[in-house]
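*Asks:* Could you have a look at this structure, given as structure tokens, before my questions?
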Amino acid sequence: AQSVTQPDIHITVSEGASLELRCNYSYGATPYLFWYVQSPGQGLQLLLKYFSGDTLVQGIKGFEAEFKRSQSSFNLRKPSVHWSDAAEYFCAVGTFNTDKLIFGTGTRLQVFP
Amino acid sequence: GAVVSQHPSWVICKSGTSVKIECRSLDFQATTMFWYRQFPKQSLMLMATSNEGSKATYEQGVEKDKFLINHASLTLSTLTVTSAHPEDSSFYICSAWTSGTETQYFGPGTRLLVL
């Protein structure tokens, strides 16, 4: 069965520091991978997605993620975090033959000035 | 592009009443729409999947008579919480999926408080 693990429940970084949010998935074939961000009381906004091709994917707001098949990972990175990046981040996995998504439990990012 | 709206953004109702939440894809046609429920500080829980013109498919443990879903067009799906009770209070989020992008786009959510 498909599953998504986000090992870090809560991460705190200083503004300007680099960021890496971890995501591991379990799926037998090549998955479709997504990162979404949710601000308090809001819906989810798509940051980036990976279907195939170049394993380093660029997204909005300066985020990028790298698909590593050997590690079953799709970690999200940002070189310099801004205070406005404080939010909940969800990793999700889907497949080509279904429109459903399996979500991780989320990582809450806190940014200190 | 790919904007999804929800209405209302928040609603307070008395126990026993029914509440309807609308989900619209504003600039694209959605093959499928999804309804999620989210509890505080938790991930999203998929409630049901709806396709235009078809009956919704409910996830295990979700009462279909309690949460009525209608998908009348390729741009509109509604979720009606019937005879709402305080335990139905939650944050409800819809998403719309299009086969062109193979991606779910989410609405801003509706916060329901049942008194």
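By convention in this document, the chains of the structure tokens carry letters A, B, ... by their order, each chain's residues are numbered from 1, and ligands are numbered from 1 in the order they are shown.
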Please identify all residues of chain A having at least one atom at most 9 Å from any atom of chain B, considering only C-alpha atoms, and return them as a CSV table (one decimal) with N, CA and C atoms, in the first residue's frame.
*Replies:*
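Done, and the output landed in selection-v7.csv:
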```
chain,number,residue,atom,x,y,z
A,32,TYR,N,3.7,9.9,-8.5
A,32,TYR,CA,3.6,11.3,-8.7
A,32,TYR,C,3.8,11.9,-7.3
A,34,PHE,N,4.1,15.4,-4.7
A,34,PHE,CA,3.7,16.8,-4.5
A,34,PHE,C,4.1,17.3,-3.2
A,41,GLY,N,-5.6,28.4,8.8
A,41,GLY,CA,-6.9,28.7,8.4
A,41,GLY,C,-7.2,28.8,6.9
A,42,GLN,N,-6.2,28.3,6.2
A,42,GLN,CA,-6.3,28.4,4.7
A,42,GLN,C,-6.3,27.0,4.1
A,43,GLY,N,-6.6,27.0,2.8
A,43,GLY,CA,-6.5,25.7,2.0
A,43,GLY,C,-5.1,25.4,1.7
A,44,LEU,N,-4.8,24.4,0.8
A,44,LEU,CA,-3.5,24.0,0.5
A,44,LEU,C,-3.1,24.7,-0.9
A,45,GLN,N,-1.9,25.1,-0.9
A,45,GLN,CA,-1.3,25.7,-2.2
A,45,GLN,C,-0.2,24.8,-2.7
A,46,LEU,N,-0.3,24.5,-4.0
A,46,LEU,CA,0.7,23.7,-4.6
A,46,LEU,C,2.0,24.4,-4.7
A,49,LYS,N,5.6,19.9,-8.0
A,49,LYS,CA,5.3,18.5,-8.3
A,49,LYS,C,6.3,17.8,-9.1
A,88,GLU,N,2.3,25.1,7.5
A,88,GLU,CA,2.3,23.7,7.6
A,88,GLU,C,2.6,23.2,6.1
A,90,PHE,N,2.9,19.9,3.6
A,90,PHE,CA,2.4,18.5,3.3
A,90,PHE,C,3.0,17.9,2.1
A,96,PHE,N,-0.4,7.4,-11.6
A,96,PHE,CA,-0.9,7.8,-12.9
A,96,PHE,C,-2.3,7.3,-13.1
A,99,ASP,N,-6.6,9.5,-9.3
A,99,ASP,CA,-6.5,10.9,-9.0
A,99,ASP,C,-6.4,11.1,-7.5
A,100,LYS,N,-6.4,10.1,-6.7
A,100,LYS,CA,-6.3,10.3,-5.3
A,100,LYS,C,-4.9,10.6,-4.9
A,101,LEU,N,-4.8,11.3,-3.7
A,101,LEU,CA,-3.5,11.6,-3.1
A,101,LEU,C,-3.5,10.9,-1.7
A,102,ILE,N,-2.3,10.5,-1.4
A,102,ILE,CA,-2.0,10.1,0.0
A,102,ILE,C,-1.1,11.1,0.6
A,103,PHE,N,-1.6,11.7,1.7
A,103,PHE,CA,-0.8,12.8,2.4
A,103,PHE,C,0.0,12.3,3.5
A,104,GLY,N,1.1,13.0,3.7
A,104,GLY,CA,1.9,12.8,5.0
A,104,GLY,C,1.2,13.5,6.1
A,105,THR,N,1.7,13.4,7.3
A,105,THR,CA,1.1,14.0,8.4
A,105,THR,C,1.4,15.5,8.6
A,106,GLY,N,2.3,16.0,7.7
A,106,GLY,CA,2.6,17.4,7.8
A,106,GLY,C,3.8,17.8,8.6
A,108,ARG,N,5.2,21.3,10.6
A,108,ARG,CA,5.0,22.7,10.9
A,108,ARG,C,6.3,23.4,11.0
```
*Asks:* Quick one: residues within 6 Å of region 68-85 of chain A, only C-alpha atoms counted, chain neighbours fewer than 6 positions away excluded, as a ChimeraX atom specification?
*Replies:* /A:15-25,111
*Asks:* Nearest residue to Asp65 (chain B) out of B:Ser15, B:Thr80, B:Ser50, B:Gln29, using only C-alpha atoms?
*Replies:* B:Thr80
*Asks:* For CA of Cys13 (chain B) and CA of Ser90 (chain B), determine how far apart the two atoms are, in Å to one decimal place.
*Replies:*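 Rounded to one decimal, the two atoms are 12.4 Å apart.
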*Asks:* If you measure from CA of Gly100 (chain B) to CA of Gly94 (chain A), what distance in Å do you get, rounded to one decimal?
*Replies:*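 CA of Gly94 (chain A) lies 14.9 Å from CA of Gly100 (chain B).
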*Asks:* Based on the backbone DSSP call, show me all residues of chain A assigned strand (DSSP E), as a PyMOL selection string.
*Replies:* chain A and resi 3-5+10-14+19-21+24-26+32-38+44-50+56-58+64-68+73-78+87-95+98-103+107-112
